[in-house]
Structure formats: structure tokens, C-alpha cells
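Data file: work.cif. Format and content: mmCIF, C-alpha atoms.
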```
data_model
loop_
_atom_site.label_atom_id
_atom_site.label_comp_id
_atom_site.auth_asym_id
_atom_site.auth_seq_id
_atom_site.Cartn_x
_atom_site.Cartn_y
_atom_site.Cartn_z
CA MET Y 1 -21.23 27.02 15.45
CA VAL Y 2 -18.31 28.90 16.92
CA TYR Y 3 -19.32 27.68 20.41
CA VAL Y 4 -19.29 24.09 19.19
CA LYS Y 5 -15.75 24.64 17.95
CA TRP Y 6 -14.67 26.27 21.21
CA GLY Y 7 -16.37 23.55 23.21
CA PHE Y 8 -14.63 20.85 21.20
CA TRP Y 9 -11.19 22.34 21.71
CA ALA Y 10 -11.84 23.08 25.39
CA ILE Y 11 -12.80 19.42 25.97
CA PHE Y 12 -9.83 18.22 23.90
CA TRP Y 13 -7.29 20.28 25.86
CA THR Y 14 -8.88 19.43 29.22
CA ILE Y 15 -8.63 15.71 28.50
CA LEU Y 16 -5.06 16.03 27.24
CA VAL Y 17 -3.88 18.04 30.26
CA ALA Y 18 -5.71 15.71 32.69
CA PHE Y 19 -4.17 12.68 30.97
CA LEU Y 20 -0.65 14.11 31.21
CA HIS Y 21 -1.21 15.22 34.80
CA TYR Y 22 -2.33 11.72 35.76
CA THR Y 23 0.41 9.88 33.87
CA LEU Y 24 3.58 11.95 34.31
CA PRO Y 25 5.61 11.52 37.51
CA HIS Y 26 5.37 14.00 40.40
CA THR Y 27 7.59 14.04 43.45
CA ASP Y 28 6.39 14.83 47.00
CA ILE Y 29 8.56 15.37 50.06
CA VAL Y 30 6.86 13.56 52.94
CA ARG Y 31 7.51 11.71 56.19
CA ILE Y 32 6.30 8.11 56.21
CA ASN Y 33 4.01 7.25 59.07
CA ASP Y 34 3.07 3.65 58.30
CA THR Y 35 3.16 1.03 55.58
CA TYR Y 36 0.61 -1.76 55.31
CA GLU Y 37 -1.30 -3.88 52.86
CA ARG Y 38 -4.98 -4.42 52.56
CA ARG Y 39 -7.34 -6.26 50.29
CA ILE Y 40 -8.71 -4.36 47.30
CA GLU Y 41 -11.55 -5.37 45.00
CA PRO Y 42 -11.49 -2.82 42.18
CA GLY Y 43 -14.99 -2.08 40.91
CA ASP Y 44 -16.15 1.02 39.08
CA ASN Y 45 -12.79 2.62 39.89
CA ALA Y 46 -10.83 -0.25 38.26
CA LEU Y 47 -9.45 2.16 35.66
CA PHE Y 48 -7.43 3.83 38.42
CA TRP Y 49 -5.91 0.61 39.74
CA ALA Y 50 -2.95 -1.00 38.04
CA ASN Y 51 -3.66 -4.00 35.89
CA ALA Y 52 -0.21 -5.53 35.93
CA ASP Y 53 0.13 -9.06 34.73
CA THR Y 54 3.44 -9.99 36.34
CA GLY Y 55 2.92 -13.70 36.74
CA ASP Y 56 0.01 -13.71 39.22
CA ASN Y 57 -3.19 -15.62 38.72
CA ARG Y 58 -5.63 -13.10 37.26
CA ASP Y 59 -8.81 -15.10 37.79
CA SER Y 60 -9.43 -13.86 41.31
CA SER Y 61 -11.09 -10.46 41.36
CA GLY Y 62 -9.45 -9.02 44.47
CA ARG Y 63 -5.88 -8.80 45.65
CA ASP Y 64 -3.73 -7.39 48.41
CA VAL Y 65 -2.22 -4.01 47.64
CA PHE Y 66 0.64 -2.28 49.46
CA PHE Y 67 -0.04 1.18 50.86
CA ILE Y 68 2.31 3.88 52.15
CA GLN Y 69 0.79 6.34 54.57
CA THR Y 70 2.55 9.70 54.81
CA PHE Y 71 2.32 13.33 55.90
CA ARG Y 72 3.55 16.41 54.07
CA SER Y 73 5.45 19.13 55.92
CA ASP Y 74 2.13 21.02 56.40
CA ASP Y 75 0.68 17.89 58.09
CA THR Y 76 -1.76 17.01 55.33
CA ALA Y 77 -2.13 13.27 54.98
CA VAL Y 78 -1.18 11.62 51.68
CA VAL Y 79 -1.70 7.90 51.10
CA TYR Y 80 0.01 6.14 48.22
CA ARG Y 81 -0.66 2.71 46.83
CA ASN Y 82 2.32 0.68 45.72
CA GLU Y 83 1.47 -1.62 42.83
CA ASP Y 84 3.38 -3.09 39.91
CA THR Y 85 2.46 -1.63 36.56
CA GLY Y 86 4.27 -4.40 34.69
CA TRP Y 87 4.14 -4.18 30.93
CA SER Y 88 0.86 -2.28 30.81
CA TRP Y 89 -0.16 1.37 30.99
CA PRO Y 90 1.24 3.74 32.27
CA PRO Y 91 4.67 2.74 30.98
CA TYR Y 92 6.70 2.87 34.19
CA PHE Y 93 7.59 -0.83 33.82
CA LYS Y 94 7.50 -1.20 37.57
CA PHE Y 95 8.05 -4.73 38.85
CA ASN Y 96 9.61 -4.03 42.22
CA ALA Y 97 6.59 -3.11 44.38
CA SER Y 98 7.75 -5.47 47.16
CA ASN Y 99 11.28 -4.02 47.20
CA LEU Y 100 9.86 -0.52 47.20
CA GLN Y 101 7.65 -1.43 50.15
CA ALA Y 102 10.69 -2.72 52.01
CA ARG Y 103 12.53 0.55 51.44
CA ALA Y 104 9.49 2.60 52.44
CA SER Y 105 9.10 0.58 55.68
CA ASP Y 106 12.79 1.13 56.36
CA SER Y 107 12.30 4.90 56.08
CA ILE Y 108 9.37 5.20 58.50
CA SER Y 109 9.88 8.45 60.36
CA ASP Y 110 10.48 8.01 64.07
CA GLY Y 111 9.13 11.36 65.11
CA LYS Y 112 7.48 14.60 64.17
CA GLY Y 113 8.89 18.09 63.92
CA ALA Y 114 12.66 18.30 64.19
CA ASP Y 115 13.09 14.52 64.58
CA ALA Y 116 11.22 13.67 61.40
CA GLU Y 117 12.94 11.74 58.61
CA TRP Y 118 12.02 13.06 55.19
CA VAL Y 119 11.78 11.11 51.97
CA ALA Y 120 10.94 11.99 48.40
CA ILE Y 121 8.25 9.81 46.85
CA ARG Y 122 7.97 9.79 43.10
CA HIS Y 123 4.47 8.82 42.03
CA TYR Y 124 1.87 9.15 39.34
CA GLY Y 125 -1.91 9.28 39.62
CA TRP Y 126 -4.41 11.09 41.76
CA ARG Y 127 -5.85 10.84 45.23
CA ASN Y 128 -9.61 11.04 45.19
CA GLU Y 129 -11.56 10.21 48.32
CA PHE Y 130 -14.90 9.92 46.53
CA LEU Y 131 -13.61 7.29 44.11
CA SER Y 132 -11.21 5.64 46.59
CA ILE Y 133 -8.25 6.05 44.27
CA TYR Y 134 -4.64 6.59 45.29
CA PRO Y 135 -1.48 7.74 43.53
CA ASN Y 136 0.92 4.89 42.78
CA ALA Y 137 4.43 5.29 44.23
CA VAL Y 138 7.26 4.42 41.83
CA GLY Y 139 10.31 5.52 43.81
CA VAL Y 140 11.36 6.35 47.38
CA TRP Y 141 14.61 7.94 48.48
CA GLU Y 142 15.77 9.86 51.53
CA VAL Y 143 16.27 13.62 51.40
CA ASP Y 144 17.82 16.12 53.80
CA GLY Y 145 14.71 17.95 54.86
CA PRO Y 146 11.22 19.08 53.95
CA ASP Y 147 12.62 21.87 51.76
CA ALA Y 148 14.65 19.61 49.44
CA ARG Y 149 14.24 20.80 45.90
CA ILE Y 150 13.72 18.37 43.05
CA ILE Y 151 13.86 19.55 39.46
CA PRO Y 152 11.52 17.48 37.26
CA TRP Y 153 13.98 16.93 34.38
CA LEU Y 154 12.05 14.02 32.96
CA ASN Y 155 8.81 16.01 32.75
CA ILE Y 156 10.66 18.92 31.14
CA VAL Y 157 12.17 16.62 28.50
CA ILE Y 158 8.86 14.83 27.80
CA LEU Y 159 6.78 18.01 27.57
CA VAL Y 160 9.33 19.79 25.35
CA SER Y 161 9.55 16.78 22.99
CA LEU Y 162 5.75 16.55 22.84
CA GLY Y 163 5.62 20.25 22.02
CA VAL Y 164 8.24 19.87 19.27
CA VAL Y 165 6.42 16.92 17.66
CA PHE Y 166 3.09 18.72 17.90
CA TRP Y 167 4.58 21.86 16.32
CA ALA Y 168 6.25 19.92 13.49
CA VAL Y 169 3.04 18.10 12.60
CA ARG Y 170 0.99 21.29 12.82
CA ALA Y 171 3.38 23.24 10.54
CA ARG Y 172 3.29 20.47 7.92
CA TRP Y 173 -0.47 20.14 8.19
CA LYS Y 174 -0.91 23.88 7.57
CA ARG Y 175 1.55 23.87 4.67
CA PHE Y 176 -0.28 20.93 3.11
CA TRP Y 177 -3.65 22.75 3.09
CA HIS Y 178 -2.03 26.00 2.03
CA ARG Y 179 -0.56 24.25 -1.03
CA ARG Y 180 -3.89 22.65 -1.83
CA GLU Y 181 -5.46 26.11 -1.94
CA GLU Y 182 -2.70 27.42 -4.17
CA TRP Y 183 -3.19 24.56 -6.60
CA ALA Y 184 -6.90 25.22 -6.70
CA GLN Y 185 -6.35 28.86 -7.74
CA ASP Y 186 -3.59 28.74 -10.34
CA GLU Y 187 -3.89 30.16 -13.82
CA TRP Y 188 -5.02 26.83 -15.33
CA ASN Y 189 -8.37 26.69 -13.59
CA ASP Y 190 -8.85 30.33 -12.79
CA GLY Y 191 -10.56 31.10 -16.10
CA THR Y 192 -9.56 34.80 -16.12
CA ASN Y 193 -6.37 34.42 -18.14
CA MET F 1 3.65 -12.85 30.16
CA PRO F 2 0.64 -12.24 27.86
CA ALA F 3 0.94 -8.56 28.78
CA LEU F 4 4.52 -8.48 27.44
CA PHE F 5 3.47 -10.11 24.17
CA ARG F 6 0.54 -7.72 23.88
CA LEU F 7 2.88 -4.77 24.34
CA LEU F 8 5.39 -6.11 21.79
CA PHE F 9 2.70 -7.04 19.26
CA PHE F 10 0.76 -3.76 19.29
CA GLY F 11 3.94 -1.72 19.79
CA LEU F 12 5.56 -3.23 16.70
CA ILE F 13 2.41 -2.70 14.63
CA PHE F 14 2.24 0.94 15.71
CA LEU F 15 5.96 1.58 15.12
CA THR F 16 5.79 -0.10 11.71
CA ILE F 17 2.96 2.22 10.68
CA VAL F 18 5.01 5.21 11.88
CA TYR F 19 8.09 3.86 10.08
CA PHE F 20 6.35 3.53 6.74
CA ALA F 21 4.54 6.86 7.09
CA LEU F 22 7.81 8.68 7.82
CA SER F 23 9.70 6.85 5.04
CA TRP F 24 7.01 7.85 2.60
CA TYR F 25 6.96 11.44 3.82
CA PHE F 26 10.75 11.96 3.74
CA ARG F 27 10.97 10.32 0.30
CA SER F 28 8.28 12.60 -1.13
CA GLU F 29 9.96 15.66 0.40
CA ARG F 30 13.23 14.56 -1.17
CA ARG F 31 11.59 14.08 -4.57
CA ARG F 32 10.05 17.53 -4.39
CA ARG F 33 13.44 19.00 -3.63
CA MET F 34 15.12 17.14 -6.49
CA GLU F 35 12.49 18.48 -8.87
CA ARG F 36 13.14 22.02 -7.70
CA ASP F 37 16.90 21.46 -7.92
CA TRP F 38 16.50 20.36 -11.51
CA GLU F 39 14.71 23.58 -12.40
CA GLU F 40 17.20 25.76 -10.54
CA ALA F 41 20.14 24.00 -12.22
CA GLY F 42 18.81 25.20 -15.57
CA ARG F 43 16.89 22.04 -16.50
CA PRO F 44 19.88 19.85 -17.42
CA GLY F 45 18.78 16.94 -19.60
CA ASN F 46 15.97 14.56 -18.75
CA ARG F 47 13.99 15.52 -15.65
CA GLU F 48 13.03 11.95 -14.76
CA ALA F 49 16.63 10.73 -14.98
CA TYR F 50 17.87 13.65 -12.87
CA VAL F 51 15.31 13.03 -10.14
CA GLU F 52 15.80 9.26 -10.16
CA ALA F 53 19.58 9.65 -9.80
CA GLY F 54 19.03 11.89 -6.79
CA MET F 55 16.55 9.43 -5.27
CA GLU F 56 19.02 6.56 -5.65
CA GLN F 57 21.60 8.58 -3.77
CA TYR F 58 19.01 9.28 -1.08
CA GLU F 59 18.14 5.59 -0.64
CA GLN F 60 21.78 4.91 0.28
CA SER F 61 22.26 7.96 2.46
CA LEU F 62 22.62 8.09 6.24
CA ARG F 63 19.54 10.30 6.35
CA ARG F 64 17.41 7.47 4.97
CA LYS F 65 18.80 5.03 7.53
CA LEU F 66 17.99 7.42 10.39
CA VAL F 67 14.31 6.47 9.95
CA TRP F 68 15.21 3.21 11.78
CA LEU F 69 15.44 5.37 14.91
CA VAL F 70 11.64 4.97 14.99
CA TYR F 71 12.31 1.45 16.33
CA VAL F 72 15.59 2.09 18.15
CA VAL F 73 14.50 5.05 20.31
CA PRO F 74 11.36 3.51 21.93
CA LEU F 75 13.10 0.16 22.59
CA THR F 76 16.07 1.93 24.18
CA ALA F 77 13.67 4.06 26.21
CA ILE F 78 11.90 0.95 27.54
CA VAL F 79 15.20 -0.63 28.61
CA VAL F 80 16.34 2.59 30.30
CA ILE F 81 12.99 3.02 32.10
CA ILE F 82 13.06 -0.59 33.36
CA TYR F 83 16.56 -0.02 34.72
CA VAL F 84 15.78 3.35 36.33
CA THR F 85 12.46 2.25 37.87
CA ASN F 86 13.58 -1.09 39.27
CA TYR F 87 17.32 -0.93 39.90
CA THR F 88 18.17 2.60 41.07
#
```
What would you get if you wrote out this structure as C-alpha cells?
Amino acid sequence: MVYVKWGFWAIFWTILVAFLHYTLPHTDIVRINDTYERRIEPGDNALFWANADTGDNRDSSGRDVFFIQTFRSDDTAVVYRNEDTGWSWPPYFKFNASNLQARASDSISDGKGADAEWVAIRHYGWRNEFLSIYPNAVGVWEVDGPDARIIPWLNIVILVSLGVVFWAVRARWKRFWHRREEWAQDEWNDGTN
Amino acid sequence: MPALFRLLFFGLIFLTIVYFALSWYFRSERRRRMERDWEEAGRPGNREAYVEAGMEQYEQSLRRKLVWLVYVVPLTAIVVIIYVTNYT
């Protein structure tokens, strides 16, 4: 029985951490190599493609999606998609995919090494080659170099508030059951008085 | 557009549930405290009347009105996120 309990909580925490890791913003420092768009027909991986309803006709199954192709300072390739999230999940309320693509194209790095132009790309989501899924870029801005340091204030605030709410609910939950036990064992129904 | 209405519709339902749950919780906490106050004050007069007077004060207090933040905070957050994501 104790393994069932452990297993339950292990699965619960894994899902929660994975969910937060997918949804919260991360920032990478990269040099942009190319920007392009190509046609996407989401299938089994549709969960990992945005489902924004920002005025387009939704009857057609496929659509063109912007991509931003980049390299990190250690020359690993990272490819981002650039899609509106609109009013749906995750709540980035992003409507400016085209503008973002324009800025990304404007920041294409002319060279490698010392000539490279570096940008910070804020994004959420995961890259997975087996599922053909890409992180979604939500912001691009230029930085001084590959060592620029970005403090994730938003993530700190969100995680601390989540922790506070969780703690407050947990403390009240425990107190509630503790009181129930006290009521059950008072002198009126104890029978030993 | 349907996505916006979906968000508003389900969001308002969810926030209303939270609003009523929190109102109920804070009110019951307050009542519990008034009952304890009454005992600590040396049981002055009628218990019901004492507690009810305290609850009436609570209903008009700033503390009670702060529960509206349940609606205000998420709506403000949405406006701020829209601005930060799209215009900065």
C-alpha cells in the first residue's frame, strides 16, 4: 500500500513539474541563423502546437508557421516556432507573431565567432525531435554577448506565489482534520468520564 | 473571437466559485473569532447578539471588500501580460 502512495505522489509531482517546465518562460542567448515559414499539419502532436483563434479560418487543418533557426554559444542548434497563442493556453496572450518574426529577421547574425550578433529569445515549450515539437518564442531582444545574464524575475514571483498558496491551503487542510479528530475525542463521547 | 468569449465565460465561472468559497471561509473564520472573543471578554450578555454585532461590522470592513481582489488581480494580470508580450 505504501508503494501505491509513493507512486501516486511521484506521478503527481512529475506531472506538476513537467507542466510548469513546459509552461513557464525560459530565456536562451542565441545567434539567429535564419527565419522562415513552412506548412504544418498538426497530428498526434497537436497538443504541442498553439491553437490560437485570432481571427483566422479554423476549418483548414494545416497552416503556415513561422520558425526561427538559431545556434547557442556552444554551437548546438535550437529551432523555435513562432505562433500566436491568442486567448488560449498557455496564457501569454501573444498576438504579434508576425511582428516578432520581423524583429527576429532583423537580428539575423551576420557571422560566427567574434562577429556574431547575440539575442535573447524568451520562449516556452520543449524541443523534441521524435515528436516534431518546438518551443514557441514569445520575445526577442538584442544583448551584448553570449554571456549576458538574465534573472528570471517572473518565474521567481510565480513559483514563490504558488508555494505560498500551496502552503496556506495545506496548513488549513491539516488544521481542519486536526480539529475533526479533537471533536471526535472530547469528554462528551469519550465514555470514560 | 469565440476563444475570447470562452476565456471570459469559464474564467468568470471559476473566479466566482473562488470568490464565494473565500467569502464563506473568511466569514466563518471571523465568526469563530467573535465566539472566542465573547468568551475571553467574560461572556458579556447574549452570545448571539455579540457575535452578530461583530459580523455586521465585518460585512462593512475593508477586509471584507478585499475579497473582490479575486476578480481584480487576474484581470489586471491579463492586461499587463498583453501589454508586456505584444508592445514591449
Spatial neighbours of stretch 121-137 of chain Y, max dist 9 Å, all atoms listed in the file, sep filter under 3 positions, as a VMD selection string: chain Y and resid 21 to 30 44 to 45 48 to 50 67 to 68 78 to 84 90 97 100 140 to 142
Choose the residue, out of F:Met34, F:Tyr25, F:Glu56, F:Tyr19, that has the smallest atom-to-atom separation from chain Y; count only C-alpha atoms. F:Tyr25
Quick one: what's the axis-aligned box for stretch 89-100 of chain Y, all listed atoms, 3 Å on every side, centre and edges in Å to one decimal, as JSON?
```
{"center_x": 5.6, "center_y": -0.9, "center_z": 39.1, "size_x": 17.4, "size_y": 15.2, "size_z": 22.2}
```
For the interface of chain F with chain Y (cut-off 10 Å, counting all atoms listed in the file), please tabulate each contacting residue of chain F alongside its nearest pair of atoms and their separation in Å to one decimal, rows sorted by chain and increasing number, as a tab-separated table.
```
residue	atom	partner	partner_atom	distance
F:Met1	CA	Y:Gly55	CA	6.7
F:Pro2	CA	Y:Asp53	CA	7.6
F:Ala3	CA	Y:Trp87	CA	5.8
F:Leu4	CA	Y:Trp87	CA	5.6
F:Phe5	CA	Y:Trp87	CA	9.0
F:Arg6	CA	Y:Trp87	CA	8.7
F:Leu7	CA	Y:Trp87	CA	6.7
F:Leu8	CA	Y:Trp87	CA	9.4
F:Ile78	CA	Y:Phe93	CA	7.8
F:Val79	CA	Y:Phe93	CA	9.2
F:Ile81	CA	Y:Tyr92	CA	6.6
F:Ile82	CA	Y:Phe93	CA	5.5
F:Tyr83	CA	Y:Phe93	CA	9.1
F:Val84	CA	Y:Tyr92	CA	9.3
F:Thr85	CA	Y:Lys94	CA	6.0
F:Asn86	CA	Y:Asn96	CA	5.8
F:Tyr87	CA	Y:Asn96	CA	8.6
F:Thr88	CA	Y:Gly139	CA	8.8
```
Could you please determine the separation between atom CA of Y:Ile158 and atom CA of Y:Ala171 in Å, to one decimal place?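 Atom-to-atom, atom CA of Y:Ile158 and atom CA of Y:Ala171 are spaced 20.0 Å apart.
Distances to F:Leu22 were evaluated for F:Pro44, F:Arg63, F:Val80, F:Pro74 using all atoms listed in the file, and the minimum falls at F:Arg63.
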Can you pull out the residues contacting stretch 147-151 of chain Y? Cut-off 9 Å, using all atoms listed in the file, and skip same-chain residues under 3 positions away; I want them as a list in words.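 The residues that qualify are Thr27, Ile29, Ser73, Ala120, Val143, Asp144, Leu154 and Ile156 of chain Y.
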What does the PyMOL selection byres ((chain Y and resi 108) around 10) select in this file, as a list of chain:residue names? Y:Arg31, Y:Ile32, Y:Asn33, Y:Asp34, Y:Thr35, Y:Ile68, Y:Gln69, Y:Thr70, Y:Arg103, Y:Ala104, Y:Ser105, Y:Asp106, Y:Ser107, Y:Ser109, Y:Asp110, Y:Gly111, Y:Ala116, Y:Glu117, Y:Trp118, Y:Val119
Point-to-point distance from atom CA of Y:Arg38 to atom CA of Y:Asp64, Å rounded to tenths: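 Result for atom CA of Y:Arg38 versus atom CA of Y:Asp64: 5.3 Å, one decimal.
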Nearest to F:Phe14 by atom-to-atom distance, counting all atoms listed in the file, from F:Arg32, F:Gln60, F:Val70, F:Asn46: F:Val70
Pairwise distance for atom CA of Y:Gln101 and atom CA of Y:Tyr36, rounded to one decimal in Å: 8.7 Å
Starting from the incomplete input, reconstruct N, CA and C atoms of stretch 7-31 of chain F and write that as a CSV table (one decimal), in the frame of the given file.
```
chain,number,residue,atom,x,y,z
F,7,LEU,N,2.1,-6.0,24.5
F,7,LEU,CA,2.9,-4.8,24.3
F,7,LEU,C,3.8,-4.9,23.1
F,8,LEU,N,4.5,-6.0,22.9
F,8,LEU,CA,5.4,-6.1,21.8
F,8,LEU,C,4.6,-6.1,20.5
F,9,PHE,N,3.5,-6.9,20.5
F,9,PHE,CA,2.7,-7.0,19.3
F,9,PHE,C,2.1,-5.7,18.8
F,10,PHE,N,1.4,-5.0,19.7
F,10,PHE,CA,0.8,-3.8,19.3
F,10,PHE,C,1.8,-2.7,19.1
F,11,GLY,N,2.9,-2.7,19.9
F,11,GLY,CA,3.9,-1.7,19.8
F,11,GLY,C,4.6,-1.8,18.4
F,12,LEU,N,4.9,-3.1,18.0
F,12,LEU,CA,5.6,-3.2,16.7
F,12,LEU,C,4.6,-2.8,15.6
F,13,ILE,N,3.3,-3.1,15.7
F,13,ILE,CA,2.4,-2.7,14.6
F,13,ILE,C,2.4,-1.2,14.5
F,14,PHE,N,2.3,-0.5,15.7
F,14,PHE,CA,2.2,0.9,15.7
F,14,PHE,C,3.5,1.5,15.1
F,15,LEU,N,4.7,1.0,15.6
F,15,LEU,CA,6.0,1.6,15.1
F,15,LEU,C,6.2,1.3,13.6
F,16,THR,N,5.7,0.2,13.1
F,16,THR,CA,5.8,-0.1,11.7
F,16,THR,C,5.0,0.9,10.9
F,17,ILE,N,3.8,1.2,11.4
F,17,ILE,CA,3.0,2.2,10.7
F,17,ILE,C,3.7,3.5,10.7
F,18,VAL,N,4.3,3.9,11.8
F,18,VAL,CA,5.0,5.2,11.9
F,18,VAL,C,6.2,5.2,10.9
F,19,TYR,N,6.9,4.0,10.9
F,19,TYR,CA,8.1,3.9,10.1
F,19,TYR,C,7.7,4.1,8.6
F,20,PHE,N,6.7,3.4,8.2
F,20,PHE,CA,6.4,3.5,6.7
F,20,PHE,C,5.8,4.9,6.4
F,21,ALA,N,5.1,5.5,7.3
F,21,ALA,CA,4.5,6.9,7.1
F,21,ALA,C,5.7,7.9,7.0
F,22,LEU,N,6.7,7.8,7.9
F,22,LEU,CA,7.8,8.7,7.8
F,22,LEU,C,8.7,8.4,6.6
F,23,SER,N,8.9,7.2,6.2
F,23,SER,CA,9.7,6.8,5.0
F,23,SER,C,9.1,7.5,3.8
F,24,TRP,N,7.7,7.3,3.7
F,24,TRP,CA,7.0,7.8,2.6
F,24,TRP,C,7.1,9.4,2.6
F,25,TYR,N,6.9,10.0,3.8
F,25,TYR,CA,7.0,11.4,3.8
F,25,TYR,C,8.3,12.0,3.4
F,26,PHE,N,9.4,11.4,4.0
F,26,PHE,CA,10.8,12.0,3.7
F,26,PHE,C,11.1,11.7,2.3
F,27,ARG,N,10.7,10.6,1.7
F,27,ARG,CA,11.0,10.3,0.3
F,27,ARG,C,10.3,11.3,-0.6
F,28,SER,N,9.0,11.7,-0.3
F,28,SER,CA,8.3,12.6,-1.1
F,28,SER,C,8.9,14.0,-1.0
F,29,GLU,N,9.3,14.4,0.2
F,29,GLU,CA,10.0,15.7,0.4
F,29,GLU,C,11.2,15.7,-0.5
F,30,ARG,N,12.0,14.6,-0.4
F,30,ARG,CA,13.2,14.6,-1.2
F,30,ARG,C,13.0,14.7,-2.7
F,31,ARG,N,11.9,14.0,-3.1
F,31,ARG,CA,11.6,14.1,-4.6
F,31,ARG,C,11.2,15.5,-5.0
```
